[in-house]
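A.B. asks: This one is work.cif, mmCIF, C-alpha atoms.
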data_protein
loop_
_atom_site.label_atom_id
_atom_site.label_comp_id
_atom_site.auth_asym_id
_atom_site.auth_seq_id
_atom_site.Cartn_x
_atom_site.Cartn_y
_atom_site.Cartn_z
CA MET A 1 104.99 -217.92 132.55
CA GLN A 2 101.80 -215.97 131.87
CA LYS A 3 101.71 -212.47 133.33
CA PRO A 4 98.49 -211.88 135.32
CA ALA A 5 96.27 -209.22 133.73
CA ILE A 6 92.65 -208.10 133.44
CA PRO A 7 90.84 -206.71 130.37
CA LYS A 8 91.22 -203.00 129.70
CA GLY A 9 88.34 -200.99 131.08
CA THR A 10 87.88 -203.27 134.11
CA ARG A 11 89.32 -203.03 137.62
CA ASP A 12 90.12 -205.09 140.71
CA PHE A 13 89.01 -203.59 144.02
CA SER A 14 90.94 -203.99 147.27
CA GLN A 15 89.43 -204.28 150.74
CA VAL A 16 89.72 -200.52 151.26
CA GLU A 17 88.20 -199.84 147.86
CA MET A 18 85.31 -202.20 148.52
CA ALA A 19 84.60 -200.47 151.83
CA ARG A 20 84.41 -197.20 149.91
CA ARG A 21 82.19 -198.67 147.20
CA ASN A 22 79.83 -200.12 149.78
CA TYR A 23 79.67 -196.69 151.40
CA ILE A 24 78.41 -195.32 148.07
CA PHE A 25 75.96 -198.19 147.51
CA ASN A 26 74.59 -198.02 151.05
CA THR A 27 74.15 -194.24 150.91
CA ILE A 28 72.24 -194.47 147.63
CA ARG A 29 70.21 -197.48 148.81
CA ASP A 30 69.15 -195.67 151.99
CA VAL A 31 67.93 -192.63 150.04
CA PHE A 32 66.02 -194.79 147.55
CA ALA A 33 64.22 -196.44 150.46
CA LEU A 34 63.13 -193.04 151.81
CA TYR A 35 60.97 -192.61 148.70
CA GLY A 36 59.38 -196.05 148.73
CA PHE A 37 61.56 -197.84 146.17
CA ALA A 38 62.26 -201.57 146.61
CA GLN A 39 65.11 -203.62 145.13
CA ILE A 40 65.00 -206.15 142.28
CA GLU A 41 67.72 -207.82 140.18
CA THR A 42 67.83 -209.03 136.56
CA PRO A 43 70.34 -211.36 134.81
CA ALA A 44 73.68 -210.08 133.53
CA MET A 45 72.83 -211.50 130.11
CA GLU A 46 69.75 -210.74 128.04
CA LEU A 47 68.55 -211.88 124.65
CA MET A 48 70.02 -209.70 121.92
CA SER A 49 66.49 -209.17 120.64
CA THR A 50 65.76 -207.49 123.99
CA LEU A 51 68.78 -205.19 123.74
CA MET A 52 69.12 -204.28 120.06
CA GLY A 53 67.46 -201.14 118.74
CA LYS A 54 66.87 -199.55 122.16
CA TYR A 55 70.01 -197.42 122.49
CA GLY A 56 70.34 -195.67 119.13
CA GLU A 57 72.93 -196.48 116.51
CA GLU A 58 75.82 -195.37 118.73
CA GLY A 59 74.68 -197.46 121.68
CA ASP A 60 73.95 -200.59 119.65
CA LYS A 61 77.57 -200.62 118.49
CA LEU A 62 78.72 -200.93 122.11
CA LEU A 63 76.77 -204.07 122.98
CA PHE A 64 78.85 -207.06 124.16
CA ARG A 65 77.74 -210.22 122.38
CA ILE A 66 78.15 -213.62 124.04
CA GLN A 67 79.85 -215.94 121.57
CA ASN A 68 79.45 -219.14 123.58
CA SER A 69 76.45 -219.57 125.84
CA GLY A 70 76.80 -223.33 126.27
CA GLU A 71 74.36 -224.22 123.50
CA LYS A 72 74.94 -225.50 119.99
CA ALA A 73 75.17 -222.83 117.33
CA GLY A 74 71.79 -222.03 115.82
CA GLU A 75 69.82 -223.80 118.56
CA ALA A 76 69.26 -220.81 120.83
CA PRO A 77 68.68 -217.06 120.45
CA GLU A 78 71.76 -214.82 120.49
CA LYS A 79 72.60 -213.30 123.87
CA GLY A 80 74.52 -210.28 125.11
CA LEU A 81 75.61 -208.57 128.30
CA ARG A 82 73.23 -205.84 129.41
CA TYR A 83 74.13 -202.30 128.32
CA ASP A 84 72.06 -200.64 131.03
CA LEU A 85 69.44 -201.55 133.63
CA THR A 86 66.47 -199.68 132.10
CA VAL A 87 65.71 -201.91 129.12
CA PRO A 88 65.97 -205.11 131.22
CA PHE A 89 63.68 -203.40 133.72
CA ALA A 90 61.09 -202.74 130.99
CA ARG A 91 61.31 -206.39 130.00
CA TYR A 92 60.87 -207.36 133.66
CA VAL A 93 57.77 -205.18 134.05
CA VAL A 94 56.06 -206.77 131.05
CA GLN A 95 57.08 -210.30 132.00
CA HIS A 96 55.84 -209.90 135.59
CA ARG A 97 52.94 -207.49 135.04
CA ASP A 98 50.44 -209.81 136.74
CA THR A 99 52.36 -209.85 140.01
CA ILE A 100 53.43 -206.21 140.46
CA GLN A 101 51.51 -203.18 141.72
CA PHE A 102 51.38 -199.98 139.63
CA PRO A 103 52.83 -197.43 139.99
CA PHE A 104 55.78 -199.79 140.30
CA LYS A 105 58.80 -198.29 142.09
CA ARG A 106 62.02 -200.25 141.95
CA TYR A 107 65.76 -199.80 142.22
CA GLN A 108 68.68 -201.92 141.02
CA ILE A 109 72.38 -201.80 141.89
CA GLN A 110 74.16 -204.06 139.40
CA PRO A 111 77.01 -204.03 136.85
CA VAL A 112 76.56 -203.25 133.15
CA TRP A 113 78.94 -203.66 130.20
CA ARG A 114 79.79 -201.50 127.19
CA ALA A 115 82.32 -202.23 124.45
CA ASP A 116 83.69 -198.70 124.68
CA ARG A 117 87.19 -197.23 124.47
CA PRO A 118 88.45 -197.02 128.06
CA GLN A 119 89.45 -193.57 129.35
CA LYS A 120 89.24 -191.53 132.55
CA GLY A 121 85.82 -192.07 134.08
CA ARG A 122 84.75 -194.47 131.32
CA TYR A 123 84.94 -198.23 131.84
CA ARG A 124 83.81 -201.34 130.00
CA GLU A 125 82.40 -202.85 133.17
CA PHE A 126 80.81 -200.58 135.74
CA TYR A 127 78.00 -200.43 138.24
CA GLN A 128 74.79 -198.47 137.83
CA CYS A 129 72.43 -197.60 140.63
CA ASP A 130 69.05 -197.18 138.93
CA VAL A 131 65.78 -195.95 140.38
CA ASP A 132 62.60 -195.94 138.26
CA VAL A 133 58.85 -195.65 138.59
CA VAL A 134 56.49 -196.90 135.88
CA GLY A 135 52.74 -196.66 135.54
CA THR A 136 52.24 -192.94 136.18
CA ASN A 137 52.37 -189.78 134.05
CA SER A 138 52.64 -187.52 137.09
CA LEU A 139 55.52 -185.05 136.95
CA LEU A 140 55.82 -185.45 140.72
CA ALA A 141 57.88 -188.52 139.81
CA GLU A 142 60.45 -186.31 138.05
CA VAL A 143 60.55 -183.99 141.03
CA GLU A 144 61.10 -186.82 143.52
CA LEU A 145 63.97 -188.12 141.39
CA ILE A 146 65.56 -184.67 141.51
CA GLN A 147 65.06 -184.66 145.29
CA ILE A 148 66.77 -188.06 145.45
CA VAL A 149 69.72 -186.60 143.53
CA GLU A 150 69.86 -183.67 145.96
CA GLU A 151 69.83 -185.93 149.04
CA VAL A 152 72.34 -188.51 147.76
CA TYR A 153 74.96 -185.92 146.91
CA ARG A 154 74.28 -183.96 150.09
CA ARG A 155 75.06 -187.11 152.10
CA LEU A 156 78.17 -187.85 150.01
CA GLY A 157 79.37 -184.25 150.31
CA ILE A 158 79.68 -183.71 146.53
CA ARG A 159 78.62 -180.35 145.08
CA VAL A 160 76.68 -180.97 141.88
CA SER A 161 74.46 -179.26 139.32
CA LEU A 162 71.55 -180.92 137.54
CA HIS A 163 70.88 -180.12 133.89
CA LEU A 164 67.30 -180.59 132.73
CA ASN A 165 65.68 -180.66 129.29
CA ASN A 166 62.72 -182.32 127.59
CA ARG A 167 62.74 -184.45 124.45
CA LYS A 168 59.41 -182.91 123.40
CA VAL A 169 61.17 -179.53 123.31
CA LEU A 170 63.87 -181.04 121.11
CA ALA A 171 61.19 -182.50 118.82
CA GLY A 172 59.59 -179.07 118.65
CA ILE A 173 62.91 -177.47 117.78
CA ALA A 174 63.35 -179.99 114.94
CA GLU A 175 59.91 -178.98 113.67
CA VAL A 176 60.44 -175.22 113.72
CA ILE A 177 63.80 -175.43 111.91
CA GLY A 178 62.10 -177.49 109.20
CA ALA A 179 63.69 -180.87 109.94
CA PRO A 180 61.16 -182.89 111.98
CA GLU A 181 62.34 -186.16 110.43
CA LYS A 182 65.90 -185.43 111.64
CA MET A 183 65.04 -185.26 115.34
CA VAL A 184 67.17 -188.33 116.19
CA ASP A 185 70.10 -187.04 114.13
CA ILE A 186 69.87 -183.67 115.89
CA THR A 187 69.82 -185.22 119.39
CA VAL A 188 72.73 -187.58 118.64
CA ALA A 189 74.83 -184.68 117.37
CA ILE A 190 74.09 -182.04 120.01
CA ASP A 191 74.52 -184.62 122.77
CA LYS A 192 78.24 -184.44 121.92
CA LEU A 193 78.45 -180.65 122.27
CA ASP A 194 80.46 -180.71 125.52
CA LYS A 195 82.90 -183.23 124.06
CA ILE A 196 83.57 -181.94 120.54
CA GLY A 197 82.37 -178.31 120.49
CA ILE A 198 79.82 -176.43 118.41
CA ASP A 199 81.81 -176.42 115.14
CA LYS A 200 82.17 -180.20 115.08
CA VAL A 201 78.50 -180.59 116.04
CA ASN A 202 77.49 -178.40 113.11
CA GLU A 203 79.70 -180.45 110.79
CA GLU A 204 78.05 -183.64 111.99
CA LEU A 205 74.57 -182.15 111.54
CA LEU A 206 75.41 -181.37 107.91
CA GLU A 207 76.83 -184.86 107.44
CA ARG A 208 73.58 -186.29 108.81
CA GLY A 209 71.58 -184.54 106.11
CA LEU A 210 70.42 -181.28 107.69
CA THR A 211 70.40 -178.33 105.33
CA PRO A 212 72.71 -175.38 106.01
CA GLU A 213 69.57 -173.30 106.63
CA ALA A 214 68.32 -175.73 109.29
CA VAL A 215 71.72 -175.80 111.00
CA GLN A 216 71.83 -172.01 110.97
CA ALA A 217 68.31 -171.78 112.42
CA LEU A 218 69.37 -174.09 115.25
CA GLN A 219 72.25 -171.88 116.45
CA PRO A 220 70.37 -169.20 118.44
CA ILE A 221 68.29 -171.89 120.14
CA LEU A 222 71.39 -173.75 121.31
CA HIS A 223 72.84 -170.52 122.67
CA LEU A 224 69.80 -169.32 124.63
CA SER A 225 70.92 -167.75 127.90
CA GLY A 226 69.34 -166.28 131.00
CA SER A 227 67.45 -167.72 133.96
CA ASN A 228 65.28 -170.81 133.67
CA ALA A 229 62.18 -168.60 133.58
CA GLU A 230 63.70 -166.44 130.80
CA LYS A 231 64.61 -169.50 128.75
CA LEU A 232 61.07 -170.89 129.12
CA SER A 233 59.66 -167.54 128.02
CA SER A 234 61.89 -167.56 124.92
CA LEU A 235 60.90 -171.13 124.12
CA ARG A 236 57.22 -170.26 124.29
CA THR A 237 57.83 -167.76 121.51
CA ILE A 238 60.17 -169.96 119.45
CA LEU A 239 57.95 -173.06 119.68
CA ALA A 240 54.57 -171.34 119.47
CA ASP A 241 53.71 -173.22 116.25
CA SER A 242 54.81 -176.64 117.52
CA GLU A 243 52.23 -178.54 119.55
CA ILE A 244 54.70 -181.14 120.84
CA GLY A 245 57.27 -178.46 121.61
CA MET A 246 54.79 -176.46 123.67
CA ARG A 247 53.83 -179.59 125.63
CA GLY A 248 57.49 -180.00 126.51
CA VAL A 249 57.76 -176.37 127.62
CA GLU A 250 54.73 -176.69 129.90
CA GLU A 251 56.07 -179.92 131.40
CA LEU A 252 59.35 -178.17 132.20
CA ALA A 253 57.48 -175.23 133.72
CA GLU A 254 55.46 -177.57 135.96
CA VAL A 255 58.61 -179.36 137.13
CA PHE A 256 60.21 -176.04 138.12
CA GLU A 257 57.02 -175.00 139.95
CA LEU A 258 56.96 -178.26 141.91
CA LEU A 259 60.66 -177.94 142.75
CA ALA A 260 59.96 -174.52 144.22
CA ALA A 261 57.01 -175.94 146.19
CA VAL A 262 59.21 -178.61 147.84
CA ASP A 263 61.98 -176.06 148.48
CA CYS A 264 64.59 -177.93 146.43
CA GLN A 265 68.00 -176.33 147.03
CA LEU A 266 69.79 -178.22 144.25
CA SER A 267 71.14 -176.18 141.33
CA VAL A 268 68.81 -177.15 138.44
CA GLU A 269 69.50 -175.57 135.04
CA LEU A 270 67.38 -175.74 131.89
CA ASP A 271 69.94 -176.86 129.30
CA LEU A 272 68.72 -176.95 125.69
CA CYS A 273 71.96 -178.61 124.57
CA LEU A 274 71.20 -181.63 126.75
CA ALA A 275 69.87 -184.38 124.48
CA ARG A 276 70.89 -187.80 125.89
CA GLY A 277 71.22 -189.88 122.75
CA LEU A 278 69.21 -192.91 123.86
CA ASN A 279 66.18 -193.30 121.60
CA TYR A 280 63.72 -194.40 124.28
CA TYR A 281 63.48 -191.03 126.07
CA THR A 282 60.28 -189.11 125.31
CA GLY A 283 59.97 -186.42 128.01
CA ALA A 284 62.15 -184.93 130.74
CA ILE A 285 65.86 -185.78 130.58
CA PHE A 286 68.39 -185.24 133.37
CA GLU A 287 72.14 -185.08 133.69
CA VAL A 288 74.19 -184.39 136.83
CA LYS A 289 77.78 -183.17 136.94
CA ALA A 290 80.19 -182.64 139.82
CA LEU A 291 81.18 -179.01 140.25
CA ASP A 292 84.65 -179.54 141.72
CA VAL A 293 86.05 -182.30 139.47
CA GLN A 294 86.57 -182.53 135.72
CA MET A 295 84.36 -185.53 135.00
CA GLY A 296 81.52 -186.45 132.68
CA SER A 297 77.98 -187.03 133.85
CA ILE A 298 77.78 -188.90 137.17
CA THR A 299 73.98 -189.32 137.11
CA GLY A 300 71.54 -189.25 134.22
CA GLY A 301 68.13 -190.40 133.07
CA GLY A 302 64.72 -189.32 131.88
CA ARG A 303 61.12 -190.23 131.03
CA TYR A 304 60.22 -192.97 128.58
CA ASP A 305 56.56 -193.18 127.63
CA ASN A 306 56.42 -196.48 125.80
CA LEU A 307 59.53 -198.55 126.47
CA THR A 308 57.37 -201.47 127.60
CA GLY A 309 55.41 -201.23 124.31
CA ILE A 310 58.21 -202.96 122.41
CA PHE A 311 57.60 -205.98 124.65
CA GLY A 312 53.83 -205.98 124.05
CA MET A 313 52.61 -203.69 126.84
CA PRO A 314 51.92 -200.25 125.33
CA ASP A 315 51.01 -196.96 126.98
CA VAL A 316 52.92 -197.46 130.24
CA SER A 317 54.92 -194.34 131.09
CA GLY A 318 58.05 -194.52 133.19
CA VAL A 319 60.80 -192.25 134.43
CA GLY A 320 64.11 -193.03 136.08
CA ILE A 321 67.68 -192.01 136.76
CA SER A 322 70.95 -193.87 137.07
CA PHE A 323 73.81 -193.07 139.46
CA GLY A 324 77.20 -194.00 138.00
CA ALA A 325 78.86 -195.59 141.02
CA ASP A 326 82.31 -195.84 139.44
CA ARG A 327 82.40 -192.17 138.49
CA ILE A 328 81.08 -191.21 141.92
CA TYR A 329 83.90 -193.33 143.39
CA ASP A 330 86.48 -191.42 141.35
CA VAL A 331 84.99 -188.05 142.38
CA LEU A 332 85.02 -188.96 146.09
CA THR A 333 88.60 -190.22 145.77
CA GLU A 334 89.84 -187.09 143.99
CA LEU A 335 88.15 -184.83 146.55
CA ASP A 336 89.16 -187.08 149.49
CA LEU A 337 85.63 -187.13 150.88
CA TYR A 338 85.47 -190.64 152.32
CA PRO A 339 84.79 -190.90 156.07
CA ALA A 340 87.93 -191.82 158.00
CA GLU A 341 86.22 -194.77 159.73
CA LEU A 342 85.86 -196.59 156.39
CA GLN A 343 89.55 -197.50 156.62
CA SER A 344 88.80 -199.82 159.53
CA THR A 345 86.43 -202.75 159.31
CA THR A 346 87.78 -204.60 162.36
CA GLN A 347 87.30 -202.89 165.73
CA LEU A 348 89.55 -205.07 167.88
CA LEU A 349 92.49 -207.41 167.23
CA PHE A 350 93.70 -210.01 169.75
CA ALA A 351 97.51 -210.37 169.70
CA CYS A 352 98.98 -213.34 171.59
CA PHE A 353 102.38 -214.56 172.79
CA GLY A 354 101.64 -218.31 172.85
CA ALA A 355 99.26 -221.19 172.15
CA ASP A 356 97.46 -221.01 175.51
CA GLU A 357 96.96 -217.29 175.07
CA LEU A 358 95.63 -217.91 171.56
CA ARG A 359 92.94 -220.28 172.90
CA PHE A 360 91.88 -217.70 175.50
CA ALA A 361 91.76 -215.03 172.78
CA ALA A 362 89.54 -217.20 170.58
CA LYS A 363 87.13 -217.71 173.49
CA CYS A 364 87.02 -213.95 174.24
CA ALA A 365 86.55 -213.10 170.57
CA THR A 366 83.57 -215.46 170.31
CA THR A 367 81.92 -213.74 173.28
CA LEU A 368 82.49 -210.28 171.85
CA ARG A 369 81.23 -211.22 168.38
CA LYS A 370 77.96 -212.34 169.94
CA GLN A 371 77.64 -208.75 171.19
CA GLY A 372 78.06 -207.45 167.62
CA LEU A 373 81.69 -206.36 167.82
CA ARG A 374 83.90 -206.89 164.75
CA VAL A 375 86.83 -208.86 166.15
CA GLU A 376 89.89 -210.64 164.76
CA VAL A 377 92.37 -212.99 166.43
CA TYR A 378 95.86 -212.98 164.90
CA PRO A 379 96.14 -216.69 164.04
CA GLU A 380 99.79 -217.27 164.95
CA ALA A 381 101.87 -216.50 168.06
CA VAL A 382 104.57 -214.66 166.09
CA LYS A 383 106.62 -211.66 167.20
CA MET A 384 104.49 -208.89 168.66
CA LYS A 385 106.01 -206.38 166.21
CA ARG A 386 104.55 -208.33 163.31
CA GLN A 387 101.11 -208.53 164.91
CA MET A 388 101.12 -204.79 165.62
CA ALA A 389 102.19 -204.07 162.04
CA TYR A 390 99.17 -206.07 160.88
CA ALA A 391 96.88 -203.93 163.05
CA ASP A 392 98.46 -200.74 161.69
CA ALA A 393 98.14 -201.86 158.07
CA LYS A 394 94.43 -202.60 158.54
CA HIS A 395 93.79 -199.42 160.57
CA ILE A 396 92.45 -201.48 163.50
CA PRO A 397 91.92 -198.98 166.34
CA TYR A 398 92.36 -201.34 169.35
CA VAL A 399 94.61 -204.33 170.09
CA ALA A 400 94.07 -206.72 173.03
CA ILE A 401 97.50 -208.11 173.98
CA ILE A 402 97.62 -211.40 175.88
CA GLY A 403 100.81 -212.68 177.51
CA SER A 404 101.38 -215.09 180.38
CA ASN A 405 100.60 -212.47 183.05
CA GLU A 406 97.34 -211.42 181.35
CA LEU A 407 96.37 -215.07 180.86
CA ALA A 408 96.92 -215.80 184.56
CA GLU A 409 94.49 -213.02 185.47
CA GLN A 410 92.09 -213.88 182.63
CA LYS A 411 92.49 -210.33 181.35
CA VAL A 412 94.00 -208.49 178.36
CA MET A 413 96.19 -205.40 177.94
CA LEU A 414 93.98 -203.18 175.78
CA LYS A 415 95.96 -200.75 173.62
CA ASN A 416 94.50 -197.74 171.82
CA MET A 417 96.47 -197.71 168.57
CA LEU A 418 95.81 -194.02 167.97
CA THR A 419 96.86 -192.63 171.38
CA GLY A 420 99.13 -195.45 172.58
CA GLU A 421 97.20 -195.63 175.90
CA GLN A 422 97.13 -199.09 177.52
CA ARG A 423 95.01 -200.52 180.36
CA LEU A 424 94.38 -203.96 181.85
CA VAL A 425 90.76 -205.09 181.45
CA GLY A 426 88.74 -208.29 181.68
CA VAL A 427 86.20 -209.60 179.18
CA GLU A 428 83.45 -207.62 180.92
CA GLY A 429 85.54 -204.50 180.53
CA LEU A 430 85.98 -205.21 176.81
CA MET A 431 82.23 -205.61 176.42
CA SER A 432 81.63 -202.19 177.99
CA THR A 433 84.36 -200.41 175.98
CA GLU A 434 83.29 -197.97 173.27
CA PHE A 435 85.23 -199.13 170.20
CA ASN A 436 85.27 -196.47 167.46
#
Mind converting the file's structure to structure tokens?

C.D. replies:
Amino acid sequence: MQKPAIPKGTRDFSQVEMARRNYIFNTIRDVFALYGFAQIETPAMELMSTLMGKYGEEGDKLLFRIQNSGEKAGEAPEKGLRYDLTVPFARYVVQHRDTIQFPFKRYQIQPVWRADRPQKGRYREFYQCDVDVVGTNSLLAEVELIQIVEEVYRRLGIRVSLHLNNRKVLAGIAEVIGAPEKMVDITVAIDKLDKIGIDKVNEELLERGLTPEAVQALQPILHLSGSNAEKLSSLRTILADSEIGMRGVEELAEVFELLAAVDCQLSVELDLCLARGLNYYTGAIFEVKALDVQMGSITGGGRYDNLTGIFGMPDVSGVGISFGADRIYDVLTELDLYPAELQSTTQLLFACFGADELRFAAKCATTLRKQGLRVEVYPEAVKMKRQMAYADAKHIPYVAIIGSNELAEQKVMLKNMLTGEQRLVGVEGLMSTEFN
């Protein structure tokens, strides 16, 4: 007999877990709406030509290819499962450009797939909650995304810090150390700094063709310390001869000024070691980490100036961030931050001693559901102990017990499962009861 199993890096979710996940999704969705973002969806599968070459050499290796798409071999383009929601979004914008209004503000909450090695906080199938705006160069967009991060995690009760950098600064650094053509190699390597340490990063830089002199020149830049203002001041000196680098510095300075203007209370740190290895980023890049749990990035993103250009629509700037719902789930679970009421989806259970009582319960339940109450009727007249155990297991706060005496009076014995208090009430009394 085959033993039931699921692929590594995927998970089943119970009723309790789904209630918790929906709490995360609904919290994020509500904050997105505050800033004028509307929801779209794109297919799970995309053409491989859409996906390939957008994520850097490391990302391209993690694409899931679809071996059988229901068509004869050679008759249709190769397909794959989406790696993220940003590239499909860029494809969507170009494909629907005649029907959307720019700046175009959208969000998506959908699963993505990566052929990665499963480990804590890293899955092969996971949900992303993306919010992006395209069609504007305004740095106010970056600031509003940071405000969204602040509000989402305030509502969830998770203490976080946001790390901020700019790919133009990284390009400028590559210039001043004499390796402008190695900008991608530099970003791919230093993006691993937290995972493998500075010595391994330096080894990888040498393996990628940087000279020992260039690697040595990079060290003091990666170790810049001080306040954000002090780091910006140092960068203005270091990157004085790099036009693109100075543009990045001024963009960072403007973002910090705007954050001060809107009184952002989130901890935002200029982090020159933040690179985010995806090739499509061209400006600001973000990464968010939980302060009280050992976990990788739980939110990340950045600006991409020409992602739509690869689909035939050049010069459309966009910026966005992605909330990693599965990692957020793990953080909330480890910190035990879920609201207690999430354990209960049903507000009232009818428990009955016989068939006649069951019919009366079904009639009462129908009336209450029309009033918006979440009601269940235990479907069998089994022993009351079993029906009560069901209510306990599902954390149902109230049980309406119906026996022959209650049926004769067309009433129920309403029991508060938390306090044990019981009282005899009619249907009108049930309708006026505050179920919590």

A.B. asks: What would the selection look like, as number ranges by chain, if the PyMOL selection byres ((chain A and resi 398-402) around 9) were run on the coordinates I just shared?

C.D. replies: A: 346-354, 357-358, 360-361, 384, 388, 391, 396-397, 403-407, 411-418, 435-436

A.B. asks: Report, in Å to a single decimal, how far apart atom CA of Thr136 of chain A and atom CA of Arg106 of chain A are.

C.D. replies: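 One can read the atom CA of Arg106 of chain A to atom CA of Thr136 of chain A distance as 13.5 Å.
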
A.B. asks: For segment 248-259 of chain A, I'd like the enclosing box, axis-aligned and padded by 3 Å on every side, reported as lines of an AutoDock Vina configuration file with centre and edge lengths in Å to one decimal.

C.D. replies:
center_x = 57.7
center_y = -177.5
center_z = 134.6
size_x = 11.9
size_y = 11.0
size_z = 22.2

A.B. asks: Any chance you could work out the residue set of the PyMOL selection byres ((chain A and resi 277-291) around 9) here, as a PDB file with C-alpha atoms, in the frame of the given file?

C.D. replies:
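Saved file part_21.pdb follows:
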ATOM      1  CA  GLY A  53      67.460-201.140 118.740  1.00  0.00           C
ATOM      2  CA  LYS A  54      66.870-199.550 122.160  1.00  0.00           C
ATOM      3  CA  TYR A  55      70.010-197.420 122.490  1.00  0.00           C
ATOM      4  CA  GLY A  56      70.340-195.670 119.130  1.00  0.00           C
ATOM      5  CA  GLU A  57      72.930-196.480 116.510  1.00  0.00           C
ATOM      6  CA  GLU A  58      75.820-195.370 118.730  1.00  0.00           C
ATOM      7  CA  GLY A  59      74.680-197.460 121.680  1.00  0.00           C
ATOM      8  CA  GLU A 142      60.450-186.310 138.050  1.00  0.00           C
ATOM      9  CA  ILE A 146      65.560-184.670 141.510  1.00  0.00           C
ATOM     10  CA  VAL A 149      69.720-186.600 143.530  1.00  0.00           C
ATOM     11  CA  ILE A 158      79.680-183.710 146.530  1.00  0.00           C
ATOM     12  CA  ARG A 159      78.620-180.350 145.080  1.00  0.00           C
ATOM     13  CA  VAL A 160      76.680-180.970 141.880  1.00  0.00           C
ATOM     14  CA  SER A 161      74.460-179.260 139.320  1.00  0.00           C
ATOM     15  CA  LEU A 162      71.550-180.920 137.540  1.00  0.00           C
ATOM     16  CA  HIS A 163      70.880-180.120 133.890  1.00  0.00           C
ATOM     17  CA  LEU A 164      67.300-180.590 132.730  1.00  0.00           C
ATOM     18  CA  ASN A 165      65.680-180.660 129.290  1.00  0.00           C
ATOM     19  CA  ASN A 166      62.720-182.320 127.590  1.00  0.00           C
ATOM     20  CA  ARG A 167      62.740-184.450 124.450  1.00  0.00           C
ATOM     21  CA  LYS A 168      59.410-182.910 123.400  1.00  0.00           C
ATOM     22  CA  VAL A 169      61.170-179.530 123.310  1.00  0.00           C
ATOM     23  CA  VAL A 184      67.170-188.330 116.190  1.00  0.00           C
ATOM     24  CA  THR A 187      69.820-185.220 119.390  1.00  0.00           C
ATOM     25  CA  VAL A 188      72.730-187.580 118.640  1.00  0.00           C
ATOM     26  CA  ALA A 189      74.830-184.680 117.370  1.00  0.00           C
ATOM     27  CA  ILE A 190      74.090-182.040 120.010  1.00  0.00           C
ATOM     28  CA  ASP A 191      74.520-184.620 122.770  1.00  0.00           C
ATOM     29  CA  LYS A 192      78.240-184.440 121.920  1.00  0.00           C
ATOM     30  CA  GLY A 248      57.490-180.000 126.510  1.00  0.00           C
ATOM     31  CA  GLU A 251      56.070-179.920 131.400  1.00  0.00           C
ATOM     32  CA  LEU A 252      59.350-178.170 132.200  1.00  0.00           C
ATOM     33  CA  LEU A 274      71.200-181.630 126.750  1.00  0.00           C
ATOM     34  CA  ALA A 275      69.870-184.380 124.480  1.00  0.00           C
ATOM     35  CA  ARG A 276      70.890-187.800 125.890  1.00  0.00           C
ATOM     36  CA  ASP A 292      84.650-179.540 141.720  1.00  0.00           C
ATOM     37  CA  VAL A 293      86.050-182.300 139.470  1.00  0.00           C
ATOM     38  CA  GLN A 294      86.570-182.530 135.720  1.00  0.00           C
ATOM     39  CA  MET A 295      84.360-185.530 135.000  1.00  0.00           C
ATOM     40  CA  GLY A 296      81.520-186.450 132.680  1.00  0.00           C
ATOM     41  CA  SER A 297      77.980-187.030 133.850  1.00  0.00           C
ATOM     42  CA  ILE A 298      77.780-188.900 137.170  1.00  0.00           C
ATOM     43  CA  THR A 299      73.980-189.320 137.110  1.00  0.00           C
ATOM     44  CA  GLY A 300      71.540-189.250 134.220  1.00  0.00           C
ATOM     45  CA  GLY A 301      68.130-190.400 133.070  1.00  0.00           C
ATOM     46  CA  GLY A 302      64.720-189.320 131.880  1.00  0.00           C
ATOM     47  CA  ARG A 303      61.120-190.230 131.030  1.00  0.00           C
ATOM     48  CA  TYR A 304      60.220-192.970 128.580  1.00  0.00           C
ATOM     49  CA  ASP A 305      56.560-193.180 127.630  1.00  0.00           C
ATOM     50  CA  ASN A 306      56.420-196.480 125.800  1.00  0.00           C
ATOM     51  CA  LEU A 307      59.530-198.550 126.470  1.00  0.00           C
ATOM     52  CA  VAL A 319      60.800-192.250 134.430  1.00  0.00           C
ATOM     53  CA  ILE A 321      67.680-192.010 136.760  1.00  0.00           C
ATOM     54  CA  ILE A 328      81.080-191.210 141.920  1.00  0.00           C
ATOM     55  CA  VAL A 331      84.990-188.050 142.380  1.00  0.00           C
TER      56      VAL A 331
END

A.B. asks: Given the file shown, determine the residues that the PyMOL selection byres ((chain A and resi 228) around 10) selects; report them as an MDAnalysis selection string.

C.D. replies: chainID A and resid 225:227 229:234 252:253 256 268:271

A.B. asks: Please, what distance in Å, to one decimal, runs between atom CA of Asp326 of chain A and atom CA of Ser49 of chain A?

C.D. replies: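 Computing the Euclidean distance for atom CA of Asp326 of chain A and atom CA of Ser49 of chain A yields 28.0 Å.
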
A.B. asks: What is the atom CA of Pro339 of chain A to atom CA of Gln15 of chain A distance in Å?

C.D. replies: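 Between atom CA of Pro339 of chain A and atom CA of Gln15 of chain A the gap works out to 15.1 Å.
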
A.B. asks: Need to verify the contact set: Ile40 of chain A, 9 Å, only C-alpha atoms, exclusion of same-chain residues closer than 3 positions in sequence. Can you return it as a PyMOL selection string?

C.D. replies: chain A and resi 106-109

A.B. asks: Near Leu81 of chain A, counting only C-alpha atoms, which residues have an atom at most 7 Å away, once you skip same-chain residues fewer than 2 positions from it, shown as a PyMOL selection string?

C.D. replies: chain A and resi 44-46+64-65+83+113

A.B. asks: Using all atoms listed in the file, which of A:Cys273, A:Ile24, A:Ile173, A:Val134 sits nearest Ile198 of chain A?

C.D. replies: A:Cys273
